[in-house]
Amino acid sequence: MAMIRLLKPLEYYERKYGTWAWGFNKLYLMMEKQHNRGQEGAGIATVSLTKAPGTEYMFREKAEGKDAITEIFSRVRKEMAGQLYMGHLRYSTTGKKGLTYVHPFLRRNNWRAKNLCLCGNFNMTNIDEVFKALTEQGQSPRIYSDSYITLELMGHRLDREAERLYEEACMKGFKGTDITDYIEDHIEMQNVLRTTMCHYDGGYVMCGMTGSGEMFAMRDPWGIRPAFYYRNEEIIAVASERPVLQTTFDLQTDDVRELEPGNALLIRKSGSVSLQQITHHPLLTSHKCSFERIYFSRGSDKDIYLERKRLGEQLTPVIMQSINYDIPNTVFSYIPNTAEVSFYGMTDGIRKSLPYGGRLEGADVRIEKVVWKDIKLRTFISDGTERNDLAAHVYDITYGALRPHEDNLVIIDDSIVRGTTLKESIFKILDRLRPKKIVMVSSSPQIRYPDYYGIDMSRLEELCAFRAAIELNLTCCSSQEGGGNERPRQLRGKDLINYIYRKCKEAPLAENHVRHIYEPFTVEEINRKIVEILRPEGMKTPVELVFQSIEGLHKACPDHRGDWYFTGHYPTPGGIRLCNEAFIKYVELNYKDYVWNCSHLECQESIGRTAPESIENESEDPTSRS
C-alpha cells in the first residue's frame, strides 16, 4: 500500500516542482517500487478538498494484471487532482480473483464525511464472526470477503460517528451547512477505528480516507504486517516498506519511522497529524513477521540486507560439513533473485573459514550463476492448478558451469515451501550438469505450518515438510500396545495422527495440536524424507538439504520474532484455530476410514493414556532434537 497527504495547496507544488501532479507522480513511483508485493492488480484513489458540491471530489480507478500500474496512471491524470492519494497492489491470498477484489474499496454517500475509501495489507482469521456481527445489526454485505466486510463494518461505525456529531451540532444550535462543517471539522477517526478493529483477529495494515479529508493508517496490535511513514512540512507518506519512502523522497534511513503495533497514524482534514494507540496486544510482545525479512520485502532495506547476509553466513559450518570441507571441488550458487543477499553472506562465511585471507591453495571460493530465471513469474503465488506446469519452465541452467562427477554444487534459496519448483524444474535441470553432490540450502527454517495473516500458505498438505512428517508417521510402527507405562513422547504413527485429529476436534483453541506431528522425528529425518518426496524420477545426483535453525533465524532477525510458519507459535487465537481446522480437513479428506471410524479399541485406549506432553516446555527451537 502507498499513501500521500499533501499539506500545501496544489499551486505550491506547481510553483516549486513545476507541476500540480507532483504528489500524483510520487504515488506512481511508490507503487512501482512495491510492484514486488502485488502483481495481480492495482488501484488508486484520491480526494480533493476544494471541489464544489455537484462535482466529483472522490475518485477511484482499478485495473488487473501485472501492468495494472502503468495502465491506471496512463489513463487518469486530471481526474486525480487532489490532496489525498492512496494506492494499492494486490496479491491474492484467498483464491478470490477479479477486479471486484482489487483495492481500494469505496463506500459512497451524499455526505462527504460518510464516504469511505479503504485498502490494506491484511488477512483476517475470524471473518465469519465479523460477518455474523454485521448481519445481526441488520446489515447485508454484498460480497463475502474480508475487504468488503471490513469496509461495511467501518463504514457503519463512520456513519454512527457522523450522526453523533450531527446531534451534537444541533444541540449547539447549528443549522444547514454549518452542521456539515461542524461534522467534518470534528470527526474522530480514532473512535471509528477503536469500534471497528477491536472485532478483528489477524495481521493487517489498514489504510483509509474519507470524502471530507480524514486519512489514516493503522497496524495490527501484534505488529505482524509492516508499515512505515515519513513527514515533513509538505507531505505525509506511508508505505509497506522503508526503502520505498527513502527512494521516492530521497531520505536517509533515520528519516523514516516505523508505525508501531496497535497504533494509527491519523491525519485530519486540517492537515494536523497524531499517533493514537487503538488496540492493545494482551501479551505486550511484538510478533513482527520474520518471513517479510527473509523473502517478501525488498532486500534494499539496510537492516533487511544485513539480516539476509547473516542468515546465509550462519549456515557456513553445516554447509562445510555437507561437502566434507572440499572447497576446491565445490561450486557455490543461488536461485535468483531473493536469495542473492543470503548467498553473499554464505560465501563470505565460507571465505572467513578458509586460511590465507580467504583463499585455499591460491584458489578463491568458486562462484557461478548456475540457474537462470527465464520469466518473471512467481509460482509461489500461482494457483495450484497452474503451478506444476509453470514451475517446469521457469528456470534454465548454465551448461559447463561445473566439472561433471567432480564438483559438488551448493545452491541456496531463501525458502523451501511447497517444493514444487524443486521437483518439477530445478532438480531436473541441475541433474543434467552431473555434479558429484547437490547441497540444497534454505536460508529459512523448515516451513511446517500455514500462514493465515497475509502470505499464501494456507493448506498443510501443500507444505513439503508436513508431507514428510505425515509419511514418516505412516511408515513407522504405531505406539506400543497396552502401553500405559511407555513415555508419552513415544506416541507415533497412525496413533499420533488419530490423537492430533481428536484434540483438534475437541479443543481447537487450546493450543496448536499440529505441532505434535513433528515430535517423533529429528530435523535430519524430515530432511531426508523431503528429499525422497521432491526427488524427480530418474534423478541420479545425490541430494542433501540444509535448513536454517530457529535459533539462527532469531539471531539474524532479532527484532522480528513472528515465526509461526516454522514453530507453529501463532500469535492470535484465530491462527491456532485455523491450523487445527486445516489438520481436521486434511485427515478427513485422506484418512477418514481409519481415524474417526477406528475400530482399534486397544489403540484408542492407548492413545488416551499416552497423550504427548505439552511442548510449550520445550526449548524455543522444537527442531533441535537431533
# chains A, B, ... in the order shown; residues from 1 in each chain; ligands from 1
>>> residues_around(residues="A:Lys428", least_positions_apart="3", cutoff="12 Å", atoms="only C-alpha atoms", output="list in words")
Val371, Ala391, Ala392, His393, Tyr395, Asp396, Ile397, Thr420, Thr421, Leu422, Lys423, Glu424, Ser425, Asp431, Arg432, Leu433, Arg434, Ile438, Leu534, Arg535, Pro536, Glu537, Gly538, Met539, Lys540, Thr541 and Val543 of chain A
>>> write_last_selection(atoms="C-alpha atoms", output="PDB file, in the first residue's frame")
ATOM      1  CA  VAL A 371      20.439 -21.165 -12.513  1.00  0.00           C
ATOM      2  CA  ALA A 391       7.411 -24.473 -12.478  1.00  0.00           C
ATOM      3  CA  ALA A 392       8.812 -26.799 -15.128  1.00  0.00           C
ATOM      4  CA  HIS A 393       9.596 -23.884 -17.447  1.00  0.00           C
ATOM      5  CA  TYR A 395      14.353 -21.890 -14.837  1.00  0.00           C
ATOM      6  CA  ASP A 396      17.292 -22.807 -17.049  1.00  0.00           C
ATOM      7  CA  ILE A 397      20.946 -23.651 -16.298  1.00  0.00           C
ATOM      8  CA  THR A 420       7.044 -27.704  -6.486  1.00  0.00           C
ATOM      9  CA  THR A 421       9.724 -25.780  -8.347  1.00  0.00           C
ATOM     10  CA  LEU A 422      12.487 -28.013  -6.989  1.00  0.00           C
ATOM     11  CA  LYS A 423      10.732 -31.198  -8.062  1.00  0.00           C
ATOM     12  CA  GLU A 424       9.360 -30.049 -11.406  1.00  0.00           C
ATOM     13  CA  SER A 425      12.265 -27.922 -12.607  1.00  0.00           C
ATOM     14  CA  ASP A 431      20.983 -33.164 -12.600  1.00  0.00           C
ATOM     15  CA  ARG A 432      21.919 -32.508 -16.241  1.00  0.00           C
ATOM     16  CA  LEU A 433      25.168 -30.897 -15.016  1.00  0.00           C
ATOM     17  CA  ARG A 434      26.099 -34.210 -13.339  1.00  0.00           C
ATOM     18  CA  ILE A 438      23.885 -31.243  -4.699  1.00  0.00           C
ATOM     19  CA  LEU A 534      10.914 -33.970  -4.078  1.00  0.00           C
ATOM     20  CA  ARG A 535      13.440 -36.106  -5.944  1.00  0.00           C
ATOM     21  CA  PRO A 536      12.289 -36.446  -9.596  1.00  0.00           C
ATOM     22  CA  GLU A 537      12.099 -39.905 -11.085  1.00  0.00           C
ATOM     23  CA  GLY A 538      15.360 -40.808 -12.811  1.00  0.00           C
ATOM     24  CA  MET A 539      17.492 -38.244 -10.977  1.00  0.00           C
ATOM     25  CA  LYS A 540      20.990 -39.659 -10.358  1.00  0.00           C
ATOM     26  CA  THR A 541      22.785 -36.993  -8.311  1.00  0.00           C
ATOM     27  CA  VAL A 543      20.957 -34.513  -2.755  1.00  0.00           C
TER      28      VAL A 543
END
>>> residues_around(residues="A:Glu11", least_positions_apart="6", cutoff="12 Å", atoms="only C-alpha atoms", output="PyMOL selection string")
chain A and resi 17-23+81-83
>>> closest_residue(among="A:Gln314, A:Thr567, A:Asn36, A:Thr135", to="A:Tyr295", atoms="only C-alpha atoms")
A:Asn36
>>> atom_distance(atom1="atom CA of A:Ile149", atom2="atom CA of A:Lys132")
10.2 Å
>>> select_by_dssp(residues="stretch 123-316 of chain A", states="strand (DSSP E or B)", output="ChimeraX atom specification")
/A:123-124,202-210,215-219,228-231,235-239,257-258,263-267,273-277,289
>>> write_last_selection(atoms="N, CA and C atoms", output="tab-separated table (two decimals), in the first residue's frame")
chain	number	residue	atom	x	y	z
A	123	ASN	N	-4.96	-10.11	6.18
A	123	ASN	CA	-5.76	-11.31	6.14
A	123	ASN	C	-6.38	-11.46	7.53
A	124	MET	N	-7.69	-11.57	7.59
A	124	MET	CA	-8.39	-11.71	8.86
A	124	MET	C	-8.76	-13.17	9.08
A	202	GLY	N	-6.14	-11.12	13.31
A	202	GLY	CA	-5.41	-11.28	12.05
A	202	GLY	C	-4.26	-10.31	11.96
A	203	GLY	N	-3.56	-10.36	10.84
A	203	GLY	CA	-2.47	-9.44	10.59
A	203	GLY	C	-2.91	-8.40	9.59
A	204	TYR	N	-2.65	-7.13	9.88
A	204	TYR	CA	-3.14	-6.11	8.96
A	204	TYR	C	-2.41	-4.78	9.11
A	205	VAL	N	-2.36	-4.06	8.00
A	205	VAL	CA	-2.18	-2.62	7.99
A	205	VAL	C	-3.36	-2.08	7.21
A	206	MET	N	-4.22	-1.34	7.89
A	206	MET	CA	-5.46	-0.85	7.30
A	206	MET	C	-5.31	0.64	7.00
A	207	CYS	N	-5.57	1.00	5.75
A	207	CYS	CA	-5.42	2.38	5.32
A	207	CYS	C	-6.76	2.90	4.78
A	208	GLY	N	-7.05	4.16	5.03
A	208	GLY	CA	-8.32	4.69	4.52
A	208	GLY	C	-8.34	6.20	4.47
A	209	MET	N	-9.34	6.70	3.78
A	209	MET	CA	-9.59	8.14	3.75
A	209	MET	C	-11.07	8.38	3.53
A	210	THR	N	-11.55	9.50	4.03
A	210	THR	CA	-12.95	9.86	3.88
A	210	THR	C	-13.10	10.99	2.87
A	215	MET	N	-7.71	10.94	6.98
A	215	MET	CA	-6.84	9.90	6.42
A	215	MET	C	-6.20	9.14	7.58
A	216	PHE	N	-5.98	7.83	7.40
A	216	PHE	CA	-5.39	7.05	8.48
A	216	PHE	C	-4.67	5.83	7.94
A	217	ALA	N	-3.72	5.34	8.73
A	217	ALA	CA	-3.07	4.04	8.52
A	217	ALA	C	-2.93	3.40	9.90
A	218	MET	N	-3.40	2.17	10.02
A	218	MET	CA	-3.38	1.50	11.32
A	218	MET	C	-2.75	0.13	11.20
A	219	ARG	N	-1.95	-0.25	12.21
A	219	ARG	CA	-1.24	-1.52	12.22
A	219	ARG	C	-1.83	-2.45	13.29
A	228	PHE	N	5.49	1.87	7.35
A	228	PHE	CA	6.45	2.93	7.62
A	228	PHE	C	5.88	4.26	7.13
A	229	TYR	N	6.33	5.35	7.75
A	229	TYR	CA	5.82	6.67	7.34
A	229	TYR	C	6.92	7.72	7.41
A	230	TYR	N	6.67	8.81	6.68
A	230	TYR	CA	7.58	9.96	6.65
A	230	TYR	C	6.73	11.22	6.66
A	231	ARG	N	7.25	12.24	7.35
A	231	ARG	CA	6.51	13.51	7.46
A	231	ARG	C	7.47	14.68	7.40
A	235	ILE	N	4.50	17.10	3.02
A	235	ILE	CA	3.77	15.85	2.78
A	235	ILE	C	3.82	14.94	4.00
A	236	ILE	N	2.89	13.99	4.02
A	236	ILE	CA	2.96	12.82	4.88
A	236	ILE	C	2.78	11.62	3.96
A	237	ALA	N	3.66	10.64	4.07
A	237	ALA	CA	3.60	9.48	3.18
A	237	ALA	C	3.74	8.20	3.99
A	238	VAL	N	3.02	7.16	3.55
A	238	VAL	CA	3.02	5.86	4.21
A	238	VAL	C	3.25	4.79	3.17
A	239	ALA	N	4.03	3.76	3.52
A	239	ALA	CA	4.27	2.64	2.60
A	239	ALA	C	4.49	1.36	3.41
A	257	ARG	N	10.05	6.55	9.83
A	257	ARG	CA	9.61	5.96	11.09
A	257	ARG	C	8.75	4.71	10.83
A	258	GLU	N	8.85	3.77	11.75
A	258	GLU	CA	8.00	2.59	11.68
A	258	GLU	C	6.74	2.84	12.49
A	263	ASN	N	-0.96	0.93	16.71
A	263	ASN	CA	-1.07	2.38	16.54
A	263	ASN	C	-1.71	2.75	15.22
A	264	ALA	N	-2.31	3.93	15.21
A	264	ALA	CA	-2.84	4.52	13.98
A	264	ALA	C	-2.22	5.88	13.76
A	265	LEU	N	-1.78	6.13	12.53
A	265	LEU	CA	-1.35	7.45	12.11
A	265	LEU	C	-2.59	8.16	11.59
A	266	LEU	N	-3.01	9.22	12.25
A	266	LEU	CA	-4.25	9.92	11.92
A	266	LEU	C	-3.93	11.30	11.37
A	267	ILE	N	-4.48	11.60	10.19
A	267	ILE	CA	-4.26	12.90	9.54
A	267	ILE	C	-5.63	13.54	9.35
A	273	VAL	N	-1.55	16.10	12.45
A	273	VAL	CA	-1.18	14.69	12.50
A	273	VAL	C	-1.06	14.25	13.95
A	274	SER	N	-1.51	13.04	14.22
A	274	SER	CA	-1.33	12.46	15.55
A	274	SER	C	-1.16	10.96	15.44
A	275	LEU	N	-0.52	10.38	16.45
A	275	LEU	CA	-0.41	8.94	16.60
A	275	LEU	C	-1.27	8.52	17.78
A	276	GLN	N	-2.14	7.53	17.56
A	276	GLN	CA	-3.04	7.09	18.62
A	276	GLN	C	-2.92	5.57	18.79
A	277	GLN	N	-2.87	5.14	20.05
A	277	GLN	CA	-2.92	3.70	20.33
A	277	GLN	C	-4.38	3.27	20.25
A	289	CYS	N	6.53	-10.07	11.43
A	289	CYS	CA	6.69	-11.22	10.56
A	289	CYS	C	8.14	-11.40	10.10
>>> atom_distance(atom1="atom CA of A:Ala468", atom2="atom CA of A:Asn527")
8.1 Å
>>> select_by_dssp(residues="stretch 189-405 of chain A", states="alpha helix (DSSP H)", output="ChimeraX atom specification")
/A:189-197,242-249,290-291,302-313,316-322,340-352,355-358,384-394
>>> write_last_selection(atoms="C-alpha atoms", output="tab-separated table (two decimals), in the first residue's frame")
chain	number	residue	atom	x	y	z
A	189	MET	CA	-11.36	8.60	13.31
A	190	GLN	CA	-9.87	7.01	16.41
A	191	ASN	CA	-13.45	6.39	17.58
A	192	VAL	CA	-14.24	4.70	14.27
A	193	LEU	CA	-11.11	2.57	14.37
A	194	ARG	CA	-11.49	1.54	18.00
A	195	THR	CA	-15.07	0.37	17.49
A	196	THR	CA	-14.15	-1.43	14.25
A	197	MET	CA	-10.77	-3.07	14.71
A	242	ARG	CA	11.04	1.69	4.29
A	243	PRO	CA	13.21	1.83	1.11
A	244	VAL	CA	10.15	2.85	-0.90
A	245	LEU	CA	9.94	6.10	1.04
A	246	GLN	CA	13.70	6.58	1.01
A	247	THR	CA	13.92	6.28	-2.77
A	248	THR	CA	10.78	8.26	-3.56
A	249	PHE	CA	11.62	11.23	-1.35
A	290	SER	CA	10.12	-12.81	10.02
A	291	PHE	CA	9.15	-14.01	6.54
A	302	LYS	CA	19.56	-1.53	5.20
A	303	ASP	CA	18.51	-3.81	8.06
A	304	ILE	CA	16.96	-6.48	5.84
A	305	TYR	CA	20.11	-6.60	3.72
A	306	LEU	CA	22.29	-7.24	6.78
A	307	GLU	CA	19.81	-9.77	8.19
A	308	ARG	CA	19.74	-11.79	4.96
A	309	LYS	CA	23.53	-11.81	4.84
A	310	ARG	CA	23.61	-13.14	8.40
A	311	LEU	CA	21.09	-15.84	7.50
A	312	GLY	CA	23.48	-17.07	4.81
A	313	GLU	CA	26.67	-16.74	6.81
A	316	THR	CA	28.57	-21.98	6.83
A	317	PRO	CA	29.53	-24.71	9.35
A	318	VAL	CA	26.74	-27.05	8.25
A	319	ILE	CA	27.50	-26.46	4.57
A	320	MET	CA	31.21	-27.13	5.07
A	321	GLN	CA	30.39	-30.40	6.77
A	322	SER	CA	27.97	-31.43	4.00
A	340	GLU	CA	21.08	-13.33	-3.70
A	341	VAL	CA	21.85	-11.44	-0.50
A	342	SER	CA	21.94	-14.57	1.68
A	343	PHE	CA	24.25	-16.05	-0.99
A	344	TYR	CA	26.69	-13.20	-0.37
A	345	GLY	CA	26.55	-13.95	3.33
A	346	MET	CA	27.09	-17.66	2.72
A	347	THR	CA	30.15	-17.16	0.50
A	348	ASP	CA	31.57	-14.55	2.91
A	349	GLY	CA	31.25	-17.14	5.65
A	350	ILE	CA	32.99	-19.77	3.53
A	351	ARG	CA	35.87	-17.39	2.83
A	352	LYS	CA	36.24	-16.49	6.50
A	355	PRO	CA	43.18	-19.88	5.59
A	356	TYR	CA	45.33	-17.41	3.61
A	357	GLY	CA	42.94	-14.49	3.85
A	358	GLY	CA	40.00	-16.38	2.47
A	384	GLY	CA	-2.35	-24.90	-7.62
A	385	THR	CA	-3.76	-26.00	-10.97
A	386	GLU	CA	-1.20	-23.87	-12.79
A	387	ARG	CA	1.81	-24.19	-10.52
A	388	ASN	CA	3.25	-27.54	-11.65
A	389	ASP	CA	3.18	-26.67	-15.33
A	390	LEU	CA	4.67	-23.22	-14.77
A	391	ALA	CA	7.41	-24.47	-12.48
A	392	ALA	CA	8.81	-26.80	-15.13
A	393	HIS	CA	9.60	-23.88	-17.45
A	394	VAL	CA	10.64	-21.04	-15.17
>>> residues_around(residues="A:Lys494", least_positions_apart="3", cutoff="8 Å", atoms="only C-alpha atoms", output="PyMOL selection string")
chain A and resi 473-474+478+497-498
>>> closest_residue(among="A:Tyr399, A:Trp111, A:Tyr200, A:Phe105", to="A:Ser147", atoms="only C-alpha atoms")
A:Phe105
>>> residues_around(residues="A:Arg112", least_positions_apart="3", cutoff="7 Å", atoms="only C-alpha atoms", output="list in words")
Asn109, Asn115, Gly211 and Ser212 of chain A
>>> write_last_selection(atoms="N, CA and C atoms", output="mmCIF file, in the first residue's frame")
data_model
loop_
_atom_site.group_PDB
_atom_site.id
_atom_site.type_symbol
_atom_site.label_atom_id
_atom_site.label_comp_id
_atom_site.auth_asym_id
_atom_site.auth_seq_id
_atom_site.Cartn_x
_atom_site.Cartn_y
_atom_site.Cartn_z
ATOM 1 N N ASN A 109 -21.650 7.985 -0.330
ATOM 2 C CA ASN A 109 -22.707 8.640 0.423
ATOM 3 C C ASN A 109 -22.766 10.091 -0.013
ATOM 4 N N ASN A 115 -18.384 9.203 3.175
ATOM 5 C CA ASN A 115 -17.723 8.461 2.108
ATOM 6 C C ASN A 115 -16.439 7.848 2.664
ATOM 7 N N GLY A 211 -14.328 11.167 2.403
ATOM 8 C CA GLY A 211 -14.577 12.228 1.429
ATOM 9 C C GLY A 211 -14.353 13.614 1.984
ATOM 10 N N SER A 212 -14.384 13.739 3.298
ATOM 11 C CA SER A 212 -14.178 15.053 3.911
ATOM 12 C C SER A 212 -12.716 15.340 4.211
#
>>> residues_around(residues="A:Ile470", least_positions_apart="4", cutoff="9 Å", atoms="only C-alpha atoms", output="MDAnalysis selection string")
chainID A and resid 465:466 474:475 493 497 517:518
>>> write_last_selection(atoms="N, CA and C atoms", output="PDB file, in the first residue's frame")
ATOM      1  N   ALA A 465       7.413 -30.059   4.172  1.00  0.00           N
ATOM      2  CA  ALA A 465       7.834 -30.529   5.488  1.00  0.00           C
ATOM      3  C   ALA A 465       6.696 -31.287   6.173  1.00  0.00           C
ATOM      4  N   PHE A 466       5.467 -30.808   6.030  1.00  0.00           N
ATOM      5  CA  PHE A 466       4.322 -31.502   6.618  1.00  0.00           C
ATOM      6  C   PHE A 466       4.097 -32.851   5.938  1.00  0.00           C
ATOM      7  N   LEU A 474       3.337 -42.483   8.877  1.00  0.00           N
ATOM      8  CA  LEU A 474       2.602 -43.595   8.276  1.00  0.00           C
ATOM      9  C   LEU A 474       3.490 -44.810   8.031  1.00  0.00           C
ATOM     10  N   THR A 475       4.793 -44.581   7.883  1.00  0.00           N
ATOM     11  CA  THR A 475       5.695 -45.703   7.603  1.00  0.00           C
ATOM     12  C   THR A 475       6.352 -46.261   8.856  1.00  0.00           C
ATOM     13  N   GLY A 493       3.144 -42.712  14.631  1.00  0.00           N
ATOM     14  CA  GLY A 493       2.419 -43.437  13.592  1.00  0.00           C
ATOM     15  C   GLY A 493       0.977 -42.984  13.469  1.00  0.00           C
ATOM     16  N   ILE A 497      -1.433 -39.530  14.580  1.00  0.00           N
ATOM     17  CA  ILE A 497      -2.337 -38.790  13.691  1.00  0.00           C
ATOM     18  C   ILE A 497      -3.746 -38.779  14.277  1.00  0.00           C
ATOM     19  N   ILE A 517       2.857 -33.474  15.347  1.00  0.00           N
ATOM     20  CA  ILE A 517       3.120 -34.372  14.216  1.00  0.00           C
ATOM     21  C   ILE A 517       4.611 -34.485  13.939  1.00  0.00           C
ATOM     22  N   TYR A 518       5.375 -33.457  14.310  1.00  0.00           N
ATOM     23  CA  TYR A 518       6.823 -33.450  14.053  1.00  0.00           C
ATOM     24  C   TYR A 518       7.626 -34.024  15.221  1.00  0.00           C
TER      25      TYR A 518
END
>>> closest_residue(among="A:Ser286, A:Ala510, A:Arg5, A:Thr177", to="A:Glu233", atoms="only C-alpha atoms")
A:Arg5
>>> residues_around(residues="A:Ala42", least_positions_apart="2", cutoff="10 Å", atoms="only C-alpha atoms", output="number ranges by chain")
A: 1, 31, 35, 38-40, 44, 61-72, 87-91, 99, 102-104
